[in-house]
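S.K.: Just dropping this structure here.
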Amino acid sequence: MIRILIAILGICLSVNLQSQIYKIGTLPQLYITSQLYKDYLLTFKLESRQIINEGESPFSSINFKQERSDISAFIRKRVGFNSKLALGYMHRLQGKDLYHRWTQGLSLIYKKKYFNLGHRFLCDQTYSKAESAKYRFRYRYTLELPFKGQEINTKEIFIKLGNEYISVWQDEGDFEFRTLACIGYVLPSNTKLELGIDYRANQIFTDQIAHQGYLYFAFYLKP
Amino acid sequence: MRHILSIVILYLFQINILQGQIKFEKEKRIKEKDVPEAALNFIKDSNIDKAMKWYQEINQSGTSFEAKGIYMHSKHSIEFNKSGHIEDVEIEVERKQLPIKTLASIENYLSREYEAFKLKKIQKQWTGKAEFLKASIKSGQKHPDIQLNYECVAFIKSDGEYRSYEFLFSANGDYKSAFKIIEDSRTNIEF
């Protein structure tokens, strides 16, 4: 099953076999959200990334390695009927290097007749002794729709689709594009599971476009 | 460090104490074979020829069954008690479909009671005898012996907090009751 999914990811990434870098892996995530005081929410996020294949071809040999582990905390506050502000901090361990990221964001969530629509605007700043500082501005829209019927209810499947556009500055400018497609399932007590594909492309305006494809699975828990 | 982490994890799992009347509702999708026959017969006798989704609902009043679907171009929710006898019919309507005086009365109440509000959903609610409700569903018009109320879901701002409430208003737009709604988590589209 893993080989089939890797093959699908590889096919998606095979746009042009000249001057491309490919990275394929897995991206498990865990989110735990708790209600604080009034309109304040605290979310902890654990994410790790494993690389299965990396090189100039998406079909080269499989070689599993743990690339990074992140732990993040976000405080969010509702500031309008559909909007929330967020401040976050991430601590990353990648190899022997530590990274620190500060995040500021605004999310707008709309419950439409047959789907939910989210817009997210983020600024983040990443610092590490291993690299120069990285600054990003990000916009993402996400659609969440029921697999069947008009509403997403408990014990039902849903589909989530999203595109993200990221402007990056680290010594020089770059642009990153991400797209996500997944299937989710709603468990009781507002718990959600998601499984899907996360595709990313950066270094778009250079001679060597970098493609990344991850098998993504996420667990959202709200105790 | 371990001590601090334990405190953080315990804090995340604390039970929040909520105040005020809360709309507690848990819905579970069920198959037609699990629905009481009386409820299935009501739908059949109402000439609803579209497929309805069935749910078992547990709320502050107890257990009930609900049929949801689109019929005559409107979203219908038909609720039955646990024996399958009809409780009410709710049909989603647009703001502009409400009588002007009724809408004005509802909006005046909300603007008087809260710092800000936004109407999210309005349903006209029909209650009464099964035979009159069936006739109303078939014709799309309220039978004279049916009671009409309006159930509104609104975002409100009160004491600086944003909340969702379900309000019940009479046919004239007079306030009857309100329940605070515990919202679905949207973390997966915010992150």
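Labels for the structure tokens follow display order: chains A, B, ..., residues from 1 in each chain, ligands from 1.
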Can you check which parts of chain B lie within 7 Å of chain A? Per residue, the shortest pair of atoms and distance in Å to one decimal, counting only C-alpha atoms, sorted by chain and number, as a tab-separated table.

M.R.:
```
residue	atom	partner	partner_atom	distance
B:Leu12	CA	A:Ser34	CA	5.4
B:Phe13	CA	A:Pro223	CA	5.4
B:Glu27	CA	A:Thr154	CA	6.7
B:Lys28	CA	A:Thr154	CA	6.1
B:Phe155	CA	A:Phe81	CA	6.3
B:Glu161	CA	A:Asp39	CA	6.1
B:Tyr162	CA	A:Phe81	CA	6.5
B:Asp184	CA	A:Asn190	CA	6.3
B:Ser185	CA	A:Asn190	CA	5.8
B:Asn188	CA	A:Tyr220	CA	6.9
B:Ile189	CA	A:Gly118	CA	5.8
B:Glu190	CA	A:Ser107	CA	6.1
```

S.K.: Based on the backbone DSSP call, show me all residues of segment 3-173 of chain B assigned helix (DSSP H, G or I), as an MDAnalysis selection string.

M.R.: chainID B and resid 3:12 32:34 37:45 95:97 100:113 130:139

S.K.: Can you pull out the residues contacting Gln212 of chain A? Cut-off 9 Å, using only C-alpha atoms, and skip same-chain residues under 6 positions away; I want them as number ranges by chain.

M.R.: A: 9, 13, 21-25, 198-202

S.K.: List as a ChimeraX atom specification the protein and nucleic acid residues near Lys118 of chain B, meaning an atom at most 12 Å away when only C-alpha atoms are counted, but skip any in the same chain fewer than 5 places from it.

M.R.: /A:80-82 /B:95,106-107,110-111,152-157,162-166

S.K.: Could you write out the selected residues, including all heavy atoms, as a compact mmCIF listing (two decimals), in the first residue's frame?

M.R.:
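again.txt written:
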```
# COMPACT_ATOMS: atom_id res chain seq x y z
N GLY A 80 -14.17 38.37 16.10
CA GLY A 80 -15.35 38.72 15.32
C GLY A 80 -16.21 37.50 15.17
O GLY A 80 -15.84 36.41 15.64
N PHE A 81 -17.35 37.64 14.52
CA PHE A 81 -18.24 36.49 14.37
C PHE A 81 -17.58 35.35 13.61
O PHE A 81 -17.86 34.19 13.86
CB PHE A 81 -19.53 36.92 13.65
CG PHE A 81 -20.38 37.86 14.46
CD1 PHE A 81 -20.82 39.06 13.93
CD2 PHE A 81 -20.74 37.55 15.76
CE1 PHE A 81 -21.60 39.92 14.68
CE2 PHE A 81 -21.52 38.40 16.52
CZ PHE A 81 -21.96 39.60 15.97
N ASN A 82 -16.73 35.68 12.66
CA ASN A 82 -16.08 34.64 11.84
C ASN A 82 -14.56 34.65 11.94
O ASN A 82 -13.90 33.91 11.21
CB ASN A 82 -16.45 34.83 10.36
CG ASN A 82 -17.95 34.82 10.14
OD1 ASN A 82 -18.56 35.87 9.93
ND2 ASN A 82 -18.53 33.66 10.21
N ARG B 95 -33.98 35.42 5.19
CA ARG B 95 -34.44 36.60 5.95
C ARG B 95 -35.60 37.31 5.25
O ARG B 95 -36.58 37.70 5.88
CB ARG B 95 -33.29 37.60 6.07
CG ARG B 95 -32.69 37.72 7.44
CD ARG B 95 -31.47 38.61 7.43
NE ARG B 95 -31.77 39.88 8.05
CZ ARG B 95 -31.90 41.02 7.39
NH1 ARG B 95 -31.77 41.06 6.08
NH2 ARG B 95 -32.17 42.14 8.03
N ILE B 106 -37.78 40.64 15.75
CA ILE B 106 -36.66 39.76 16.11
C ILE B 106 -35.37 40.57 16.19
O ILE B 106 -34.60 40.48 17.16
CB ILE B 106 -36.51 38.62 15.08
CG1 ILE B 106 -37.68 37.64 15.19
CG2 ILE B 106 -35.19 37.87 15.26
CD1 ILE B 106 -37.76 36.59 14.08
N GLU B 107 -35.13 41.38 15.17
CA GLU B 107 -33.87 42.15 15.13
C GLU B 107 -33.84 43.22 16.22
O GLU B 107 -32.78 43.49 16.80
CB GLU B 107 -33.66 42.74 13.73
CG GLU B 107 -33.35 41.66 12.70
CD GLU B 107 -33.03 42.18 11.31
OE1 GLU B 107 -33.48 43.29 10.97
OE2 GLU B 107 -32.34 41.46 10.57
N LEU B 110 -32.84 41.43 19.45
CA LEU B 110 -31.42 41.05 19.49
C LEU B 110 -30.51 42.28 19.65
O LEU B 110 -29.53 42.24 20.40
CB LEU B 110 -31.04 40.27 18.22
CG LEU B 110 -31.69 38.89 18.09
CD1 LEU B 110 -31.41 38.28 16.72
CD2 LEU B 110 -31.21 37.95 19.18
N SER B 111 -30.87 43.37 18.99
CA SER B 111 -30.01 44.56 19.10
C SER B 111 -30.15 45.20 20.48
O SER B 111 -29.22 45.84 20.98
CB SER B 111 -30.28 45.56 17.98
OG SER B 111 -31.61 45.95 18.01
N CYS B 152 -34.21 30.70 15.31
CA CYS B 152 -33.11 31.43 14.69
C CYS B 152 -31.79 31.06 15.35
O CYS B 152 -31.70 31.05 16.58
CB CYS B 152 -33.28 32.94 14.85
SG CYS B 152 -34.81 33.56 14.17
N VAL B 153 -30.79 30.79 14.54
CA VAL B 153 -29.43 30.61 15.06
C VAL B 153 -28.68 31.90 14.76
O VAL B 153 -28.68 32.37 13.61
CB VAL B 153 -28.73 29.41 14.40
CG1 VAL B 153 -27.28 29.33 14.85
CG2 VAL B 153 -29.46 28.13 14.74
N ALA B 154 -28.10 32.49 15.79
CA ALA B 154 -27.43 33.78 15.61
C ALA B 154 -26.10 33.81 16.35
O ALA B 154 -25.96 33.21 17.42
CB ALA B 154 -28.32 34.90 16.13
N PHE B 155 -25.16 34.51 15.75
CA PHE B 155 -23.93 34.87 16.48
C PHE B 155 -24.29 36.09 17.29
O PHE B 155 -24.94 37.01 16.77
CB PHE B 155 -22.82 35.30 15.51
CG PHE B 155 -22.01 34.18 14.95
CD1 PHE B 155 -21.77 34.09 13.60
CD2 PHE B 155 -21.46 33.21 15.78
CE1 PHE B 155 -20.99 33.06 13.07
CE2 PHE B 155 -20.69 32.18 15.27
CZ PHE B 155 -20.46 32.11 13.91
N ILE B 156 -23.89 36.12 18.58
CA ILE B 156 -24.12 37.32 19.35
C ILE B 156 -22.84 37.71 20.07
O ILE B 156 -21.96 36.87 20.29
CB ILE B 156 -25.28 37.14 20.38
CG1 ILE B 156 -25.00 35.98 21.33
CG2 ILE B 156 -26.61 36.94 19.68
CD1 ILE B 156 -24.46 36.41 22.66
N LYS B 157 -22.73 38.99 20.40
CA LYS B 157 -21.59 39.46 21.20
C LYS B 157 -22.16 40.01 22.49
O LYS B 157 -23.02 40.90 22.47
CB LYS B 157 -20.80 40.54 20.46
CG LYS B 157 -19.53 40.96 21.18
CD LYS B 157 -18.79 42.05 20.43
CE LYS B 157 -17.57 42.49 21.21
NZ LYS B 157 -16.92 43.67 20.61
N TYR B 162 -17.95 36.29 22.04
CA TYR B 162 -18.73 35.90 20.87
C TYR B 162 -19.29 34.49 21.08
O TYR B 162 -18.56 33.58 21.44
CB TYR B 162 -17.85 35.90 19.62
CG TYR B 162 -17.39 37.28 19.22
CD1 TYR B 162 -16.19 37.80 19.71
CD2 TYR B 162 -18.14 38.06 18.36
CE1 TYR B 162 -15.78 39.07 19.36
CE2 TYR B 162 -17.72 39.33 17.99
CZ TYR B 162 -16.54 39.83 18.50
OH TYR B 162 -16.13 41.07 18.14
N ARG B 163 -20.57 34.33 20.88
CA ARG B 163 -21.21 33.04 21.10
C ARG B 163 -22.27 32.79 20.03
O ARG B 163 -22.75 33.71 19.38
CB ARG B 163 -21.91 33.01 22.47
CG ARG B 163 -20.97 32.96 23.65
CD ARG B 163 -20.33 31.58 23.78
NE ARG B 163 -19.36 31.54 24.86
CZ ARG B 163 -18.04 31.69 24.68
NH1 ARG B 163 -17.55 31.91 23.47
NH2 ARG B 163 -17.22 31.63 25.71
N SER B 164 -22.62 31.50 19.88
CA SER B 164 -23.75 31.13 19.02
C SER B 164 -24.91 30.76 19.91
O SER B 164 -24.74 30.01 20.88
CB SER B 164 -23.39 29.91 18.17
OG SER B 164 -22.73 30.31 17.01
N TYR B 165 -26.09 31.25 19.56
CA TYR B 165 -27.30 30.93 20.33
C TYR B 165 -28.40 30.49 19.38
O TYR B 165 -28.46 30.91 18.23
CB TYR B 165 -27.80 32.17 21.09
CG TYR B 165 -27.25 32.29 22.49
CD1 TYR B 165 -25.98 32.82 22.70
CD2 TYR B 165 -28.00 31.88 23.60
CE1 TYR B 165 -25.47 32.93 23.99
CE2 TYR B 165 -27.49 32.00 24.89
CZ TYR B 165 -26.23 32.52 25.08
OH TYR B 165 -25.72 32.64 26.34
N GLU B 166 -29.28 29.64 19.89
CA GLU B 166 -30.50 29.27 19.15
C GLU B 166 -31.66 29.93 19.89
O GLU B 166 -31.87 29.69 21.08
CB GLU B 166 -30.67 27.76 19.12
CG GLU B 166 -31.85 27.31 18.28
CD GLU B 166 -32.02 25.82 18.29
OE1 GLU B 166 -31.36 25.12 17.50
OE2 GLU B 166 -32.80 25.32 19.13
```

S.K.: Quick one: everything within 12 Å of Glu176 of chain A, counting only C-alpha atoms, minus sequence neighbours fewer than 6 positions away in the same chain. Send it as a PyMOL selection string.

M.R.: chain A and resi 136-140+163-169+199-206+209-212

S.K.: Compile the contact shell of Trp54 of chain B as a list in words: residues with an atom at most 7 Å away, counting only C-alpha atoms, same-chain residues fewer than 5 positions apart removed.

M.R.: Arg29, Ile30, Lys31, Glu32, Glu66, Ala67 and Lys68 of chain B

S.K.: Between atom CA of Glu47 of chain A and atom CA of Arg68 of chain A, what is the distance in Å, rounded to a tenth?

M.R.: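 Between these atoms lies a distance of 8.4 Å.
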
S.K.: Check segment 59-162 of chain B with DSSP on the backbone and list each residue it calls strand (DSSP E or B), as JSON, numbers by chain.

M.R.: {"B": [59, 62, 63, 64, 65, 66, 67, 68, 69, 70, 71, 74, 75, 76, 77, 78, 79, 80, 81, 86, 87, 88, 89, 90, 91, 92, 93, 116, 117, 118, 119, 120, 121, 122, 123, 124, 125, 126, 127, 147, 148, 149, 150, 151, 152, 153, 154, 155, 156, 157, 158, 161, 162]}
